[in-house]
file entry-v1.pdb (PDB, C-alpha atoms)
ATOM      1  CA  MET A 221      20.533  -3.772 -63.429  1.00  0.00           C
ATOM      2  CA  SER A 222      17.409  -1.655 -63.077  1.00  0.00           C
ATOM      3  CA  CYS A 223      14.083  -3.501 -63.253  1.00  0.00           C
ATOM      4  CA  ASP A 224      11.885  -0.441 -62.944  1.00  0.00           C
ATOM      5  CA  LEU A 225       9.256  -1.283 -65.580  1.00  0.00           C
ATOM      6  CA  GLU A 226       6.169  -2.202 -63.588  1.00  0.00           C
ATOM      7  CA  THR A 227       3.458  -4.669 -64.583  1.00  0.00           C
ATOM      8  CA  GLY A 228       0.867  -2.887 -66.686  1.00  0.00           C
ATOM      9  CA  LEU A 229      -0.547  -1.935 -70.059  1.00  0.00           C
ATOM     10  CA  TYR A 230       1.829  -0.222 -72.480  1.00  0.00           C
ATOM     11  CA  ALA A 231       2.084   0.997 -76.036  1.00  0.00           C
ATOM     12  CA  ILE A 232       5.596   0.261 -77.333  1.00  0.00           C
ATOM     13  CA  TYR A 233       7.383   2.522 -79.817  1.00  0.00           C
ATOM     14  CA  SER A 234      10.529   2.170 -81.897  1.00  0.00           C
ATOM     15  CA  THR A 235      13.147   4.788 -81.068  1.00  0.00           C
ATOM     16  CA  VAL A 236      14.335   4.771 -84.691  1.00  0.00           C
ATOM     17  CA  ASP A 237      11.439   7.039 -85.732  1.00  0.00           C
ATOM     18  CA  THR A 238       8.979   6.918 -82.764  1.00  0.00           C
ATOM     19  CA  ASN A 239       6.424   4.852 -84.717  1.00  0.00           C
ATOM     20  CA  PRO A 240       4.348   2.416 -82.626  1.00  0.00           C
ATOM     21  CA  LEU A 241       4.443  -1.364 -82.613  1.00  0.00           C
ATOM     22  CA  ASP A 242       1.400  -3.195 -83.931  1.00  0.00           C
ATOM     23  CA  ILE A 243       0.425  -6.692 -85.070  1.00  0.00           C
ATOM     24  CA  CYS A 244       0.444  -7.490 -88.797  1.00  0.00           C
ATOM     25  CA  ARG A 245      -2.892  -9.197 -89.420  1.00  0.00           C
ATOM     26  CA  ASP A 246      -2.411  -9.612 -93.173  1.00  0.00           C
ATOM     27  CA  PRO A 247      -3.347 -12.389 -93.504  1.00  0.00           C
ATOM     28  CA  PRO A 248      -4.987 -13.069 -90.101  1.00  0.00           C
ATOM     29  CA  GLY A 249      -3.719 -16.189 -88.390  1.00  0.00           C
ATOM     30  CA  PRO A 250      -2.693 -17.860 -85.118  1.00  0.00           C
ATOM     31  CA  ARG A 251       0.850 -16.480 -85.490  1.00  0.00           C
ATOM     32  CA  GLU A 252       1.213 -12.840 -86.536  1.00  0.00           C
ATOM     33  CA  PRO A 253       4.403 -10.753 -86.467  1.00  0.00           C
ATOM     34  CA  VAL A 254       4.913  -7.655 -84.372  1.00  0.00           C
ATOM     35  CA  VAL A 255       5.739  -4.765 -86.721  1.00  0.00           C
ATOM     36  CA  VAL A 256       6.546  -1.069 -86.661  1.00  0.00           C
ATOM     37  CA  SER A 257       3.408   0.666 -87.926  1.00  0.00           C
ATOM     38  CA  ASP A 258       2.144   4.107 -88.778  1.00  0.00           C
ATOM     39  CA  GLN A 259      -1.489   3.081 -88.187  1.00  0.00           C
ATOM     40  CA  GLY A 260      -1.589   3.373 -84.386  1.00  0.00           C
ATOM     41  CA  ALA A 261      -0.305   1.388 -81.438  1.00  0.00           C
ATOM     42  CA  VAL A 262      -1.630  -1.893 -80.142  1.00  0.00           C
ATOM     43  CA  VAL A 263      -1.631  -2.233 -76.346  1.00  0.00           C
ATOM     44  CA  PHE A 264       0.577  -4.855 -74.722  1.00  0.00           C
ATOM     45  CA  PHE A 265       0.270  -6.274 -71.207  1.00  0.00           C
ATOM     46  CA  VAL A 266       3.743  -6.457 -69.666  1.00  0.00           C
ATOM     47  CA  ASP A 267       3.891  -8.799 -66.655  1.00  0.00           C
ATOM     48  CA  LYS A 268       6.920  -8.460 -64.351  1.00  0.00           C
ATOM     49  CA  LEU A 269       8.048 -11.817 -62.951  1.00  0.00           C
ATOM     50  CA  ASP A 270       9.594 -12.394 -59.533  1.00  0.00           C
ATOM     51  CA  GLY A 271      13.369 -12.655 -59.480  1.00  0.00           C
ATOM     52  CA  PRO A 272      16.538 -10.648 -60.008  1.00  0.00           C
ATOM     53  CA  ASN A 273      16.831 -10.832 -63.810  1.00  0.00           C
ATOM     54  CA  CYS A 274      14.255  -8.226 -64.957  1.00  0.00           C
ATOM     55  CA  THR A 275      12.209 -10.953 -66.651  1.00  0.00           C
ATOM     56  CA  TYR A 276       8.738 -10.347 -68.047  1.00  0.00           C
ATOM     57  CA  TYR A 277       5.991 -11.975 -70.082  1.00  0.00           C
ATOM     58  CA  ILE A 278       4.578  -9.756 -72.830  1.00  0.00           C
ATOM     59  CA  ARG A 279       1.206 -10.374 -74.429  1.00  0.00           C
ATOM     60  CA  VAL A 280      -1.194  -8.541 -76.695  1.00  0.00           C
ATOM     61  CA  SER A 281      -4.049  -6.808 -74.852  1.00  0.00           C
ATOM     62  CA  HIS A 282      -6.404  -5.832 -77.646  1.00  0.00           C
ATOM     63  CA  ASP A 283     -10.108  -6.739 -77.901  1.00  0.00           C
ATOM     64  CA  ASN A 284     -10.189 -10.555 -77.660  1.00  0.00           C
ATOM     65  CA  ASP A 285      -6.517 -10.955 -78.593  1.00  0.00           C
ATOM     66  CA  HIS A 286      -4.377 -11.998 -75.625  1.00  0.00           C
ATOM     67  CA  ARG A 287      -1.581 -13.929 -77.339  1.00  0.00           C
ATOM     68  CA  PHE A 288       1.878 -14.019 -75.804  1.00  0.00           C
ATOM     69  CA  LEU A 289       4.873 -12.703 -77.721  1.00  0.00           C
ATOM     70  CA  ARG A 290       7.592 -15.176 -78.611  1.00  0.00           C
ATOM     71  CA  ASN A 291      10.462 -15.649 -81.016  1.00  0.00           C
ATOM     72  CA  VAL A 292       9.147 -17.536 -84.039  1.00  0.00           C
ATOM     73  CA  ASP A 293      11.852 -18.082 -86.651  1.00  0.00           C
ATOM     74  CA  GLY A 294      13.724 -14.928 -85.663  1.00  0.00           C
ATOM     75  CA  VAL A 295      10.688 -12.619 -85.581  1.00  0.00           C
ATOM     76  CA  VAL A 296       8.805 -11.350 -82.502  1.00  0.00           C
ATOM     77  CA  THR A 297       5.369 -12.905 -83.001  1.00  0.00           C
ATOM     78  CA  ALA A 298       1.984 -12.866 -81.282  1.00  0.00           C
ATOM     79  CA  SER A 299       1.411 -16.595 -81.027  1.00  0.00           C
ATOM     80  CA  GLU A 300      -1.488 -18.824 -79.974  1.00  0.00           C
ATOM     81  CA  ASP A 301       0.930 -21.688 -79.267  1.00  0.00           C
ATOM     82  CA  ARG A 302      -0.153 -23.457 -76.089  1.00  0.00           C
ATOM     83  CA  MET A 303       3.177 -23.616 -74.318  1.00  0.00           C
ATOM     84  CA  ILE A 304       4.920 -21.836 -71.488  1.00  0.00           C
ATOM     85  CA  PRO A 305       5.141 -18.135 -72.431  1.00  0.00           C
ATOM     86  CA  GLN A 306       8.568 -16.883 -73.461  1.00  0.00           C
ATOM     87  CA  GLU A 307      10.402 -14.801 -70.885  1.00  0.00           C
ATOM     88  CA  TRP A 308      11.959 -11.511 -71.989  1.00  0.00           C
ATOM     89  CA  VAL A 309      14.590  -9.492 -70.114  1.00  0.00           C
ATOM     90  CA  ILE A 310      13.678  -5.797 -70.255  1.00  0.00           C
ATOM     91  CA  ASN A 311      16.518  -3.494 -69.230  1.00  0.00           C
ATOM     92  CA  ASN A 312      16.198   0.230 -68.642  1.00  0.00           C
ATOM     93  CA  TYR A 313      18.213   2.167 -71.202  1.00  0.00           C
ATOM     94  CA  GLY A 314      17.135   5.576 -69.884  1.00  0.00           C
ATOM     95  CA  GLU A 315      14.229   8.039 -69.984  1.00  0.00           C
ATOM     96  CA  GLY A 316      11.449   5.493 -70.521  1.00  0.00           C
ATOM     97  CA  THR A 317      13.403   3.469 -73.083  1.00  0.00           C
ATOM     98  CA  TYR A 318      14.426  -0.167 -72.815  1.00  0.00           C
ATOM     99  CA  THR A 319      16.230  -2.995 -74.540  1.00  0.00           C
ATOM    100  CA  ILE A 320      14.416  -6.343 -74.752  1.00  0.00           C
ATOM    101  CA  VAL A 321      16.393  -9.578 -74.989  1.00  0.00           C
ATOM    102  CA  GLU A 322      15.603 -13.262 -74.807  1.00  0.00           C
ATOM    103  CA  ASN A 323      16.015 -14.767 -71.342  1.00  0.00           C
ATOM    104  CA  SER A 324      18.851 -17.114 -72.236  1.00  0.00           C
ATOM    105  CA  TYR A 325      22.566 -17.332 -71.600  1.00  0.00           C
ATOM    106  CA  PRO A 326      24.208 -15.252 -72.794  1.00  0.00           C
ATOM    107  CA  PRO A 327      21.304 -12.789 -73.206  1.00  0.00           C
ATOM    108  CA  ILE A 328      22.385 -11.215 -76.461  1.00  0.00           C
ATOM    109  CA  GLN A 329      19.473 -11.997 -78.819  1.00  0.00           C
ATOM    110  CA  ALA A 330      17.490  -8.747 -78.842  1.00  0.00           C
ATOM    111  CA  TRP A 331      14.364  -7.197 -80.303  1.00  0.00           C
ATOM    112  CA  THR A 332      15.519  -5.283 -83.361  1.00  0.00           C
ATOM    113  CA  ASP A 333      13.669  -2.768 -85.531  1.00  0.00           C
ATOM    114  CA  SER A 334      14.295  -3.998 -89.089  1.00  0.00           C
ATOM    115  CA  THR A 335      13.851  -0.354 -90.297  1.00  0.00           C
ATOM    116  CA  GLY A 336      12.272   0.733 -93.558  1.00  0.00           C
ATOM    117  CA  THR A 337       8.730   1.785 -94.381  1.00  0.00           C
ATOM    118  CA  PRO A 338       6.259   1.214 -91.502  1.00  0.00           C
ATOM    119  CA  GLY A 339       3.864  -1.689 -91.999  1.00  0.00           C
ATOM    120  CA  CYS A 340       3.917  -5.473 -92.395  1.00  0.00           C
ATOM    121  CA  GLY A 341       7.263  -5.287 -94.210  1.00  0.00           C
ATOM    122  CA  ARG A 342       8.970  -3.946 -91.068  1.00  0.00           C
ATOM    123  CA  PRO A 343       8.872  -6.741 -88.470  1.00  0.00           C
ATOM    124  CA  ILE A 344      10.610  -6.706 -85.111  1.00  0.00           C
ATOM    125  CA  ARG A 345      13.376  -9.255 -85.580  1.00  0.00           C
ATOM    126  CA  ILE A 346      15.508 -11.118 -83.056  1.00  0.00           C
ATOM    127  CA  THR A 347      19.198 -10.427 -83.745  1.00  0.00           C
ATOM    128  CA  PRO A 348      22.470 -10.403 -81.794  1.00  0.00           C
ATOM    129  CA  LYS A 349      22.856  -7.209 -79.744  1.00  0.00           C
ATOM    130  CA  PRO A 350      26.404  -5.889 -79.402  1.00  0.00           C
ATOM    131  CA  MET A 351      27.678  -5.740 -75.830  1.00  0.00           C
ATOM    132  CA  ILE A 352      28.678  -2.082 -75.901  1.00  0.00           C
ATOM    133  CA  PRO A 353      27.569   0.752 -73.612  1.00  0.00           C
ATOM    134  CA  ARG A 354      26.027   2.881 -76.376  1.00  0.00           C
ATOM    135  CA  VAL A 355      23.318   0.901 -78.153  1.00  0.00           C
ATOM    136  CA  ASP A 356      22.064   1.574 -81.681  1.00  0.00           C
ATOM    137  CA  PRO A 357      18.434   2.871 -81.654  1.00  0.00           C
ATOM    138  CA  ILE A 358      17.330  -0.248 -83.597  1.00  0.00           C
ATOM    139  CA  PHE A 359      17.676  -2.141 -80.274  1.00  0.00           C
ATOM    140  CA  VAL A 360      15.879   0.440 -78.073  1.00  0.00           C
ATOM    141  CA  PHE A 361      12.119   0.743 -77.510  1.00  0.00           C
ATOM    142  CA  MET A 362       9.994   3.244 -75.609  1.00  0.00           C
ATOM    143  CA  PHE A 363       7.231   2.012 -73.273  1.00  0.00           C
ATOM    144  CA  VAL A 364       4.326   4.426 -72.764  1.00  0.00           C
ATOM    145  CA  PRO A 365       1.597   3.577 -70.213  1.00  0.00           C
ATOM    146  CA  ALA A 366      -1.693   2.960 -72.006  1.00  0.00           C
TER     147      ALA A 366
END
call {"tool": "encode", "arguments": {"input": "entry-v1.pdb", "output": "structure tokens"}}
result
Amino acid sequence: MSCDLETGLYAIYSTVDTNPLDICRDPPGPREPVVVSDQGAVVFFVDKLDGPNCTYYIRVSHDNDHRFLRNVDGVVTASEDRMIPQEWVINNYGEGTYTIVENSYPPIQAWTDSTGTPGCGRPIRITPKPMIPRVDPIFVFMFVPA
């Protein structure tokens, strides 16, 4: 398992159509879904944790918005909830692309591009990821240093 993604600021893109991830602020609130957008990328702070499992915290790093990302009802959400941040396992898929799964056993619940028209109607969902060597692009995301 390659844990080569270093702590830092990143824009994250869907590999389905290379559109960036953003936060849907319509309406604004303490919990807002992460979506595939065509309006520009939000910057995320990805914090590599110590240990062998490629675990990370991911939070928004935009203006005064520093909410952690967590699974809220099956959708990746920027959340103000005051609890321990959710850990994500980020595995290298190749050439700057990664899969992102919940840190649980078995780790098969993955970030998934729900596809469709970019915007608030295209959230990043949490769905079962097949355990096969070749992964559908809906489960693969590109991290670009910001």
call {"tool": "resolve_selection", "arguments": {"input": "entry-v1.pdb", "expression": "the PyMOL selection byres ((chain A and resi 235) around 8)", "output": "MDAnalysis selection string"}}
result
chainID A and resid 233:234 236:239 357:358 360:362
call {"tool": "closest_residue", "arguments": {"input": "entry-v1.pdb", "among": "A:Ile278, A:Val321, A:Met303, A:Val256", "to": "A:Met351", "atoms": "only C-alpha atoms"}}
result
A:Val321
call {"tool": "resolve_selection", "arguments": {"input": "entry-v1.pdb", "expression": "the PyMOL selection byres ((chain A and resi 258-270) around 6)", "output": "number ranges by chain"}}
result
A: 227-231, 239-242, 257, 271, 275-281, 338
call {"tool": "resolve_selection", "arguments": {"input": "entry-v1.pdb", "expression": "the PyMOL selection byres ((chain A and resi 250) around 9)", "output": "short mmCIF file (atom, residue, chain, number, x, y, z; two decimals) with C-alpha atoms, in the coordinates of the input"}}
result
data_model
loop_
_atom_site.label_atom_id
_atom_site.label_comp_id
_atom_site.auth_asym_id
_atom_site.auth_seq_id
_atom_site.Cartn_x
_atom_site.Cartn_y
_atom_site.Cartn_z
CA PRO A 248 -4.99 -13.07 -90.10
CA GLY A 249 -3.72 -16.19 -88.39
CA ARG A 251 0.85 -16.48 -85.49
CA GLU A 252 1.21 -12.84 -86.54
CA ARG A 287 -1.58 -13.93 -77.34
CA ALA A 298 1.98 -12.87 -81.28
CA SER A 299 1.41 -16.60 -81.03
CA GLU A 300 -1.49 -18.82 -79.97
CA ASP A 301 0.93 -21.69 -79.27
#
call {"tool": "residues_around", "arguments": {"input": "entry-v1.pdb", "residues": "A:Pro348", "least_positions_apart": "3", "cutoff": "10 Å", "atoms": "all atoms listed in the file", "output": "PyMOL selection string"}}
result
chain A and resi 321+327-332+345+351+359
call {"tool": "write_last_selection", "arguments": {"input": "entry-v1.pdb", "atoms": "C-alpha atoms", "output": "compact mmCIF listing (two decimals), in the coordinates of the input"}}
result
# COMPACT_ATOMS: atom_id res chain seq x y z
CA VAL A 321 16.39 -9.58 -74.99
CA PRO A 327 21.30 -12.79 -73.21
CA ILE A 328 22.38 -11.22 -76.46
CA GLN A 329 19.47 -12.00 -78.82
CA ALA A 330 17.49 -8.75 -78.84
CA TRP A 331 14.36 -7.20 -80.30
CA THR A 332 15.52 -5.28 -83.36
CA ARG A 345 13.38 -9.26 -85.58
CA MET A 351 27.68 -5.74 -75.83
CA PHE A 359 17.68 -2.14 -80.27
call {"tool": "residues_around", "arguments": {"input": "entry-v1.pdb", "residues": "A:Asn273", "least_positions_apart": "4", "cutoff": "9 Å", "atoms": "all atoms listed in the file", "output": "count of residues only"}}
result
6
call {"tool": "residues_around", "arguments": {"input": "entry-v1.pdb", "residues": "A:Asn311", "least_positions_apart": "4", "cutoff": "7 Å", "atoms": "all atoms listed in the file", "output": "JSON, numbers by chain"}}
result
{"A": [222, 223, 274, 318, 319, 320]}
